[in-house]
Amino acid sequence: MKNRSLVISLVVLLLLSAVLVRGSWPRPSTESNDPQTKSGAPLSAPLVGDFRPEQAPRDMIPKPELGALTRVVSTRVSAAKKDPQKLSGAPVAAPSAVTPADTLFRAVKVDPKVPLPAASFALRQVRLLPGPFKEAMERDRKYMLSLDNDRLLHSFRLTAGLPSSAKPYGGWEKPDGELRGHTMGHYLSACAFMYAGTGDTEIKSRADALVAELAKCQQALGPRGYLSAFPEEFFDRVEATRAVWAPYYTIHKIMAGLVDWYENGGNAQSLEVAEKMAGWIKLRTDKSDPRHMERVLNNTEQGGMCEVLANLYSLTGKSEYLKLARRFDEQHYIVPLSQYRDVLKGEHVNSFIPNIIGAAREYEMTGDPGLYNIASYFWRQVTGARSYATGGTSNGEAWRQDPYVMASELGADSHESCCTYNMLKLTRHLFNWEARAAYADYYERALFNGILSTQNPADGMMMYYVPMMPGMYKTFMTPEDSFWCCTGTGMENHAKYGDSIYFHGPDSIYVNLFIASELTWPEKGLSLRQETNFPEEQGTRLTISVAQPVKLALNLRIPGWIARGGFVKINGRKIEAFAEPSSYLTLRRTWKSGDKVELALPMDLRLDRLPDDPKIAAILYGPIVLGGELGTEGMTPDKTSGAYGPEGPQGAPVAVPKFRVPGNDLNAWIKPVAGKALTFQTAGAGQPKDVTLIPFYKLFGERYSIYWTILLPGQEEAKPNPRRR
Ligand SMILES: [Zn+2]
């Protein structure tokens, strides 16, 4: 079985190598591909609710005008800025302990030049409480602790001419794999997030030890600062535009890991190694004029080089890193987007998104409004015109169609997990800038349905593709012989659930996600405990603890999906005010210890129809995508483990029932199953049979469908169920 899956893995790896070398995708024509002229479809995203400026809390900045975006609002930066800078040796919190203010290490030296009405809290300020996200985080921690430092370091040491007797890992980390070493970067990032979110000292000592060993490898590789698990010769190939997998992509992961570990682990050596790598990048790219640099970038997947270098600028205040970041601005991506042209068709999705995250970070550090336009237009196009009900995007690694063409895109190889990871990262930036509930609506939907759904609760293994093809099934990595891109971003995903639950203004808190957790805000002497069993419970409860009464606006997200009957209570008393769907309910008052807020968020059933074939729809309950249980026919461990997706000759879908329904009232044919939370049964509509529907994030070990053909009386299918890859 192992040999067989190895052969399959090799074949798939070869195929994927070809795909990941971005030149393999046909370049789109630069002629007008404007979605407005082509499809006539609206730009507003059907996936998320409309933004209504009048619903915005009064202290937030409304939908930005260009002029407003360039204003520098220094008062909006966190009060933590006043804390003395503390580098290594900063005391760290014990597991699950509240971090006191004076131990906070603030790594940032240069704050964004643009207003951030909804700034992020440091990840260490949020602790998850028991619930599905905490469970996923614990499984992730267990997997991370099962990995071995010496094995992760093996190819780094050999490349540096240092001895290693460790058994190398397999998959994309194989000693002759061209992407070897990328997992090191993801692992350091995941350690950074896991340590920040749990205070686990075992994670800390592993990451510290890795950084010390990487520093030795870097030193052995010479004074230029090069550090990688493959030889520098790969960059000769990049510069000569010869075939090579993605060396800058890998360098980005390693640097991002080092930077994340510096920021969250307070390890000064980690920053030192990253800065030396940046020095090497300068030497390497100084040889290229902008035209050659563009050719180099067109020839390779660069990951988020521009992002990590802009982060390095923020952390050090050294402007040469910002200059270096902008060297990686790929005109091919940014020029059409800055002109609001959707030329995404044919592009490799996971190459594309990190460039836009980089543009977003550069916008923050430069204030260049053109970069804002790029990020915001791109986000609208992807979430509105190219995403599935789950919030995921991509089909066979690419966007293969014009905007709003989705019916043909329900593939077995659709919805790469890394793409969701990257879209969430981008969404965080946009939320920081605009504080719009619509961004949080998307974030919630993609987090539950596109991220939580990708980790197997049985063993913590994670997914690459998330098939949208009806009748398919989930496949997972193996612990030691996969190490795909989605293994790396997967480790990060489940370590950082705390990073987008809460945001803040100078005197306000945004509660964006209904995840059981505790926030501490030492500068305000405040902690906020959120207790909920959401989504099994349709609401949440917040309890405030303060050193002394504090005046604060509490902005509660009223989701775009809310059904009738929502309300809020303060200290047991129902108040009259509420807010529209996809906006914020602002509770502005002086809060005292023990104050309690209860928020009721009723859910109901709804459909998310495909834009180009509205007879095909996903069924949601609140924000939760429901998957239909379709049995285990043909599913054996060799097909579900160690495979990117359900590919190959056995990868055929099973037949999927269609629904003939009496009318538009979903409650007439989708009935809750008594005693089982979030579980439904179709009644008399399924042909040839009815189906049990459960949350997609809980659907494992079984074939499923998310998309269904739903026919009203007199309607017929326009065409057979799309079954194309
Ligand atoms: Zn991936």
# chains A, B, ... in the order shown; residues from 1 in each chain; ligands from 1
call {"tool": "residues_around", "arguments": {"residues": "Ile501 in chain A", "least_positions_apart": "5", "cutoff": "8 Å", "atoms": "only C-alpha atoms", "output": "list in words"}}
result
Val511, Asn512, Leu513, Phe514 and Ile515 of chain A
call {"tool": "write_last_selection", "arguments": {"atoms": "C-alpha atoms", "output": "compact mmCIF listing (two decimals), in the first residue's frame"}}
result
# COMPACT_ATOMS: atom_id res chain seq x y z
CA VAL A 511 -16.22 41.19 18.40
CA ASN A 512 -16.06 39.60 14.96
CA LEU A 513 -16.22 35.87 15.56
CA PHE A 514 -18.27 33.81 17.95
CA ILE A 515 -15.54 31.56 19.24
call {"tool": "residues_around", "arguments": {"residues": "Lys676 in chain A", "least_positions_apart": "4", "cutoff": "10 Å", "atoms": "only C-alpha atoms", "output": "ChimeraX atom specification"}}
result
/A:536,672,680,694
call {"tool": "residues_around", "arguments": {"residues": "Glu275 in chain A", "least_positions_apart": "5", "cutoff": "10 Å", "atoms": "only C-alpha atoms", "output": "list of chain:residue names"}}
result
A:Gly225, A:Met255, A:Leu258, A:Val259, A:Gln269, A:Ser270, A:Trp280, A:Ile281, A:Leu309, A:Leu312, A:Tyr313, A:Thr316, A:Tyr321
call {"tool": "closest_atom_pairs", "arguments": {"of": "chain A", "to": "ligand 1", "cutoff": "9 Å", "atoms": "only C-alpha atoms and all ligand atoms", "output": "JSON lines"}}
result
{"residue": "A:Asn350", "atom": "CA", "partner": "ligand 1", "partner_atom_place_in_ligand_line": "1 (Zn)", "distance": 7.2}
{"residue": "A:Glu397", "atom": "CA", "partner": "ligand 1", "partner_atom_place_in_ligand_line": "1 (Zn)", "distance": 8.7}
{"residue": "A:Glu416", "atom": "CA", "partner": "ligand 1", "partner_atom_place_in_ligand_line": "1 (Zn)", "distance": 5.7}
{"residue": "A:Ser417", "atom": "CA", "partner": "ligand 1", "partner_atom_place_in_ligand_line": "1 (Zn)", "distance": 5.5}
{"residue": "A:Cys418", "atom": "CA", "partner": "ligand 1", "partner_atom_place_in_ligand_line": "1 (Zn)", "distance": 4.1}
{"residue": "A:Cys419", "atom": "CA", "partner": "ligand 1", "partner_atom_place_in_ligand_line": "1 (Zn)", "distance": 6.9}
{"residue": "A:Tyr421", "atom": "CA", "partner": "ligand 1", "partner_atom_place_in_ligand_line": "1 (Zn)", "distance": 8.9}
{"residue": "A:Met463", "atom": "CA", "partner": "ligand 1", "partner_atom_place_in_ligand_line": "1 (Zn)", "distance": 8.6}
{"residue": "A:Tyr464", "atom": "CA", "partner": "ligand 1", "partner_atom_place_in_ligand_line": "1 (Zn)", "distance": 5.7}
{"residue": "A:Tyr465", "atom": "CA", "partner": "ligand 1", "partner_atom_place_in_ligand_line": "1 (Zn)", "distance": 7.8}
{"residue": "A:Trp484", "atom": "CA", "partner": "ligand 1", "partner_atom_place_in_ligand_line": "1 (Zn)", "distance": 6.4}
{"residue": "A:Cys485", "atom": "CA", "partner": "ligand 1", "partner_atom_place_in_ligand_line": "1 (Zn)", "distance": 4.0}
{"residue": "A:Cys486", "atom": "CA", "partner": "ligand 1", "partner_atom_place_in_ligand_line": "1 (Zn)", "distance": 3.6}
{"residue": "A:Thr487", "atom": "CA", "partner": "ligand 1", "partner_atom_place_in_ligand_line": "1 (Zn)", "distance": 7.3}
{"residue": "A:Gly488", "atom": "CA", "partner": "ligand 1", "partner_atom_place_in_ligand_line": "1 (Zn)", "distance": 7.9}
{"residue": "A:Thr489", "atom": "CA", "partner": "ligand 1", "partner_atom_place_in_ligand_line": "1 (Zn)", "distance": 7.1}
{"residue": "A:Gly490", "atom": "CA", "partner": "ligand 1", "partner_atom_place_in_ligand_line": "1 (Zn)", "distance": 8.5}
call {"tool": "write_last_selection", "arguments": {"atoms": "C-alpha atoms", "output": "JSON list (two decimals), in the first residue's frame"}}
result
[["chain", "number", "residue", "atom", "x", "y", "z"],
["A", 350, "ASN", "CA", -1.78, 30.29, -4.87],
["A", 397, "GLU", "CA", -4.77, 25.23, -8.85],
["A", 416, "GLU", "CA", -6.84, 24.37, -2.53],
["A", 417, "SER", "CA", -6.52, 24.89, 1.21],
["A", 418, "CYS", "CA", -3.57, 27.31, 0.87],
["A", 419, "CYS", "CA", -5.77, 29.64, -1.16],
["A", 421, "TYR", "CA", -5.39, 30.51, 4.14],
["A", 463, "MET", "CA", -6.21, 18.44, 3.28],
["A", 464, "TYR", "CA", -4.81, 19.84, 0.05],
["A", 465, "TYR", "CA", -7.79, 20.08, -2.33],
["A", 484, "TRP", "CA", 2.76, 19.83, 0.89],
["A", 485, "CYS", "CA", 2.21, 23.56, 0.78],
["A", 486, "CYS", "CA", -1.15, 22.86, 2.46],
["A", 487, "THR", "CA", 0.59, 20.88, 5.20],
["A", 488, "GLY", "CA", 2.58, 24.00, 5.96],
["A", 489, "THR", "CA", -0.26, 26.50, 5.82],
["A", 490, "GLY", "CA", -2.37, 23.84, 7.57]]
call {"tool": "residues_around", "arguments": {"residues": "Gly460 in chain A", "least_positions_apart": "4", "cutoff": "9 Å", "atoms": "only C-alpha atoms", "output": "PyMOL selection string"}}
result
chain A and resi 136+138-140+142-143+455-456
call {"tool": "write_last_selection", "arguments": {"atoms": "C-alpha atoms", "output": "compact mmCIF listing (two decimals), in the first residue's frame"}}
result
# COMPACT_ATOMS: atom_id res chain seq x y z
CA ALA A 136 -8.39 21.62 16.32
CA GLU A 138 -4.70 20.92 20.24
CA ARG A 139 -4.59 18.35 17.43
CA ASP A 140 -2.31 20.68 15.51
CA LYS A 142 0.16 17.31 18.87
CA TYR A 143 1.16 16.97 15.22
CA GLN A 455 -8.40 18.92 9.53
CA ASN A 456 -9.30 15.31 10.23
call {"tool": "closest_residue", "arguments": {"among": "A:Leu322, A:Leu315, A:Met491, A:Leu426", "to": "Leu147 in chain A", "atoms": "only C-alpha atoms"}}
result
A:Met491
call {"tool": "residues_around", "arguments": {"residues": "Ile203 in chain A", "least_positions_apart": "6", "cutoff": "12 Å", "atoms": "only C-alpha atoms", "output": "PyMOL selection string"}}
result
chain A and resi 95+140-149+187-197+209-210+261+264-265+495
call {"tool": "residues_around", "arguments": {"residues": "Ser387 in chain A", "least_positions_apart": "3", "cutoff": "12 Å", "atoms": "only C-alpha atoms", "output": "VMD selection string"}}
result
chain A and resid 45 to 48 349 379 to 384 390 to 395 399 401 403 to 407 409 to 410 414 to 416 419 to 420 423 442 445 to 446 450 468 608 to 611
call {"tool": "write_last_selection", "arguments": {"atoms": "C-alpha atoms", "output": "tab-separated table (two decimals), in the first residue's frame"}}
result
chain	number	residue	atom	x	y	z
A	45	ALA	CA	-20.03	40.15	-3.75
A	46	PRO	CA	-22.95	37.75	-3.39
A	47	LEU	CA	-20.90	35.87	-0.81
A	48	VAL	CA	-21.02	38.66	1.71
A	349	VAL	CA	-4.20	30.99	-7.66
A	379	TRP	CA	-10.76	40.79	-2.85
A	380	ARG	CA	-14.15	41.74	-4.28
A	381	GLN	CA	-13.50	39.80	-7.47
A	382	VAL	CA	-12.29	36.65	-5.78
A	383	THR	CA	-14.87	36.48	-2.99
A	384	GLY	CA	-17.72	37.69	-5.19
A	390	THR	CA	-17.25	27.59	1.59
A	391	GLY	CA	-15.18	30.73	0.91
A	392	GLY	CA	-12.54	28.69	-0.94
A	393	THR	CA	-11.37	29.36	-4.48
A	394	SER	CA	-9.36	27.73	-7.33
A	395	ASN	CA	-9.96	24.71	-9.52
A	399	TRP	CA	-8.88	30.28	-12.03
A	401	GLN	CA	-12.95	30.80	-16.21
A	403	PRO	CA	-15.74	35.86	-13.39
A	404	TYR	CA	-19.08	34.41	-12.26
A	405	VAL	CA	-18.58	31.22	-14.28
A	406	MET	CA	-18.72	28.62	-11.51
A	407	ALA	CA	-20.95	25.73	-12.61
A	409	GLU	CA	-15.70	24.67	-11.67
A	410	LEU	CA	-17.02	22.12	-9.19
A	414	SER	CA	-10.89	22.48	-6.48
A	415	HIS	CA	-10.52	24.73	-3.46
A	416	GLU	CA	-6.84	24.37	-2.53
A	419	CYS	CA	-5.77	29.64	-1.16
A	420	THR	CA	-8.25	29.91	1.71
A	423	MET	CA	-7.58	34.87	1.34
A	442	TYR	CA	-16.46	36.27	4.71
A	445	ARG	CA	-17.64	31.56	6.47
A	446	ALA	CA	-14.21	30.62	5.14
A	450	GLY	CA	-12.86	26.15	4.35
A	468	MET	CA	-16.49	20.71	-4.63
A	608	ASP	CA	-26.13	29.92	-2.00
A	609	ARG	CA	-26.79	29.59	-5.71
A	610	LEU	CA	-24.19	29.45	-8.44
A	611	PRO	CA	-24.19	32.70	-10.39
call {"tool": "residues_around", "arguments": {"residues": "Tyr439 in chain A", "least_positions_apart": "6", "cutoff": "8 Å", "atoms": "only C-alpha atoms", "output": "list in words"}}
result
Val48, Thr427, Arg428, Leu430 and Phe431 of chain A
call {"tool": "write_last_selection", "arguments": {"atoms": "N, CA and C atoms", "output": "PDB file, in the first residue's frame"}}
result
ATOM      1  N   VAL A  48     -21.005  37.907   0.461  1.00  0.00           N
ATOM      2  CA  VAL A  48     -21.025  38.661   1.711  1.00  0.00           C
ATOM      3  C   VAL A  48     -22.100  39.720   1.633  1.00  0.00           C
ATOM      4  N   THR A 427      -7.972  39.228   3.914  1.00  0.00           N
ATOM      5  CA  THR A 427      -9.199  39.774   4.500  1.00  0.00           C
ATOM      6  C   THR A 427      -8.899  40.518   5.803  1.00  0.00           C
ATOM      7  N   ARG A 428      -7.976  39.999   6.589  1.00  0.00           N
ATOM      8  CA  ARG A 428      -7.588  40.669   7.838  1.00  0.00           C
ATOM      9  C   ARG A 428      -7.080  42.089   7.566  1.00  0.00           C
ATOM     10  N   LEU A 430      -7.785  44.004   4.996  1.00  0.00           N
ATOM     11  CA  LEU A 430      -8.891  44.868   4.571  1.00  0.00           C
ATOM     12  C   LEU A 430      -9.776  45.239   5.755  1.00  0.00           C
ATOM     13  N   PHE A 431      -9.961  44.313   6.661  1.00  0.00           N
ATOM     14  CA  PHE A 431     -10.759  44.639   7.842  1.00  0.00           C
ATOM     15  C   PHE A 431     -10.048  45.686   8.693  1.00  0.00           C
TER      16      PHE A 431
END
call {"tool": "atom_distance", "arguments": {"atom1": "CA of Lys592 in chain A", "atom2": "CA of Pro535 in chain A"}}
result
28.2 Å
call {"tool": "closest_residue", "arguments": {"among": "A:Glu272, A:Glu202, A:Asp111, A:Asp402", "to": "Ala385 in chain A", "atoms": "only C-alpha atoms"}}
result
A:Asp402
call {"tool": "select_by_dssp", "arguments": {"residues": "range 424-625 of chain A", "states": "strand (DSSP E)", "output": "JSON, numbers by chain"}}
result
{"A": [502, 503, 504, 505, 508, 509, 510, 511, 517, 518, 519, 520, 521, 526, 527, 528, 529, 530, 531, 539, 540, 541, 542, 543, 544, 545, 546, 550, 551, 552, 553, 554, 555, 556, 557, 558, 567, 568, 569, 570, 573, 574, 583, 584, 585, 586, 587, 588, 589, 590, 591, 596, 597, 598, 599, 600, 605, 606, 607, 608, 609, 610, 613, 614, 615, 616, 617, 618, 619, 620, 621, 624, 625]}
call {"tool": "write_last_selection", "arguments": {"atoms": "C-alpha atoms", "output": "PDB file, in the first residue's frame"}}
result
ATOM      1  CA  TYR A 502     -11.327  40.561  18.214  1.00  0.00           C
ATOM      2  CA  PHE A 503      -9.996  43.830  16.834  1.00  0.00           C
ATOM      3  CA  HIS A 504      -9.818  47.272  18.378  1.00  0.00           C
ATOM      4  CA  GLY A 505      -9.918  50.995  17.827  1.00  0.00           C
ATOM      5  CA  SER A 508     -13.448  50.304  21.017  1.00  0.00           C
ATOM      6  CA  ILE A 509     -13.467  46.551  20.626  1.00  0.00           C
ATOM      7  CA  TYR A 510     -14.845  44.637  17.671  1.00  0.00           C
ATOM      8  CA  VAL A 511     -16.224  41.193  18.400  1.00  0.00           C
ATOM      9  CA  SER A 517     -12.124  32.700  24.036  1.00  0.00           C
ATOM     10  CA  GLU A 518     -10.668  35.222  26.411  1.00  0.00           C
ATOM     11  CA  LEU A 519      -9.173  38.540  25.355  1.00  0.00           C
ATOM     12  CA  THR A 520      -6.870  40.555  27.585  1.00  0.00           C
ATOM     13  CA  TRP A 521      -6.194  44.204  26.843  1.00  0.00           C
ATOM     14  CA  LEU A 526      -9.604  44.863  30.676  1.00  0.00           C
ATOM     15  CA  SER A 527     -10.360  41.279  29.898  1.00  0.00           C
ATOM     16  CA  LEU A 528     -13.297  39.976  27.927  1.00  0.00           C
ATOM     17  CA  ARG A 529     -14.482  36.407  28.231  1.00  0.00           C
ATOM     18  CA  GLN A 530     -16.618  35.003  25.445  1.00  0.00           C
ATOM     19  CA  GLU A 531     -18.513  31.837  26.259  1.00  0.00           C
ATOM     20  CA  GLY A 539     -25.627  33.337  20.112  1.00  0.00           C
ATOM     21  CA  THR A 540     -22.848  34.225  22.503  1.00  0.00           C
ATOM     22  CA  ARG A 541     -22.219  35.630  25.986  1.00  0.00           C
ATOM     23  CA  LEU A 542     -19.557  38.161  26.944  1.00  0.00           C
ATOM     24  CA  THR A 543     -18.364  38.967  30.438  1.00  0.00           C
ATOM     25  CA  ILE A 544     -16.192  41.978  31.124  1.00  0.00           C
ATOM     26  CA  SER A 545     -13.572  42.278  33.843  1.00  0.00           C
ATOM     27  CA  VAL A 546     -11.872  45.633  34.399  1.00  0.00           C
ATOM     28  CA  VAL A 550     -13.665  51.908  31.471  1.00  0.00           C
ATOM     29  CA  LYS A 551     -15.521  53.840  28.772  1.00  0.00           C
ATOM     30  CA  LEU A 552     -15.543  51.789  25.636  1.00  0.00           C
ATOM     31  CA  ALA A 553     -17.585  51.068  22.521  1.00  0.00           C
ATOM     32  CA  LEU A 554     -18.281  47.383  22.187  1.00  0.00           C
ATOM     33  CA  ASN A 555     -18.970  46.669  18.509  1.00  0.00           C
ATOM     34  CA  LEU A 556     -20.802  43.386  18.124  1.00  0.00           C
ATOM     35  CA  ARG A 557     -20.906  41.944  14.649  1.00  0.00           C
ATOM     36  CA  ILE A 558     -24.443  41.305  13.456  1.00  0.00           C
ATOM     37  CA  PHE A 567     -31.541  40.739  20.243  1.00  0.00           C
ATOM     38  CA  VAL A 568     -29.038  41.847  22.846  1.00  0.00           C
ATOM     39  CA  LYS A 569     -29.209  41.945  26.627  1.00  0.00           C
ATOM     40  CA  ILE A 570     -26.960  43.893  28.959  1.00  0.00           C
ATOM     41  CA  ARG A 573     -32.017  43.448  30.410  1.00  0.00           C
ATOM     42  CA  LYS A 574     -33.044  43.345  26.795  1.00  0.00           C
ATOM     43  CA  SER A 583     -23.098  45.661  10.339  1.00  0.00           C
ATOM     44  CA  TYR A 584     -22.118  46.385  13.913  1.00  0.00           C
ATOM     45  CA  LEU A 585     -24.240  46.937  16.963  1.00  0.00           C
ATOM     46  CA  THR A 586     -22.302  49.460  19.019  1.00  0.00           C
ATOM     47  CA  LEU A 587     -22.770  49.396  22.779  1.00  0.00           C
ATOM     48  CA  ARG A 588     -21.076  52.525  24.089  1.00  0.00           C
ATOM     49  CA  ARG A 589     -20.931  52.829  27.870  1.00  0.00           C
ATOM     50  CA  THR A 590     -18.727  52.759  30.905  1.00  0.00           C
ATOM     51  CA  TRP A 591     -18.163  49.099  31.595  1.00  0.00           C
ATOM     52  CA  LYS A 596     -22.557  40.760  30.933  1.00  0.00           C
ATOM     53  CA  VAL A 597     -23.720  40.995  27.346  1.00  0.00           C
ATOM     54  CA  GLU A 598     -25.864  38.324  25.751  1.00  0.00           C
ATOM     55  CA  LEU A 599     -26.300  38.310  21.997  1.00  0.00           C
ATOM     56  CA  ALA A 600     -28.925  36.157  20.310  1.00  0.00           C
ATOM     57  CA  LEU A 605     -31.744  27.767   6.219  1.00  0.00           C
ATOM     58  CA  ARG A 606     -30.727  29.482   3.026  1.00  0.00           C
ATOM     59  CA  LEU A 607     -29.312  28.710  -0.388  1.00  0.00           C
ATOM     60  CA  ASP A 608     -26.134  29.925  -1.997  1.00  0.00           C
ATOM     61  CA  ARG A 609     -26.792  29.593  -5.711  1.00  0.00           C
ATOM     62  CA  LEU A 610     -24.192  29.446  -8.440  1.00  0.00           C
ATOM     63  CA  ASP A 613     -26.694  28.199 -12.956  1.00  0.00           C
ATOM     64  CA  PRO A 614     -29.044  29.154 -10.145  1.00  0.00           C
ATOM     65  CA  LYS A 615     -30.617  25.690 -10.133  1.00  0.00           C
ATOM     66  CA  ILE A 616     -27.383  24.495  -8.515  1.00  0.00           C
ATOM     67  CA  ALA A 617     -27.004  25.649  -4.930  1.00  0.00           C
ATOM     68  CA  ALA A 618     -25.316  24.949  -1.627  1.00  0.00           C
ATOM     69  CA  ILE A 619     -27.462  24.730   1.499  1.00  0.00           C
ATOM     70  CA  LEU A 620     -26.397  26.766   4.510  1.00  0.00           C
ATOM     71  CA  TYR A 621     -27.670  27.114   8.030  1.00  0.00           C
ATOM     72  CA  ILE A 624     -22.503  26.864   8.163  1.00  0.00           C
ATOM     73  CA  VAL A 625     -22.325  25.047   4.842  1.00  0.00           C
TER      74      VAL A 625
END
call {"tool": "atom_distance", "arguments": {"atom1": "CA of Leu179 in chain A", "atom2": "CA of Trp245 in chain A"}}
result
6.7 Å
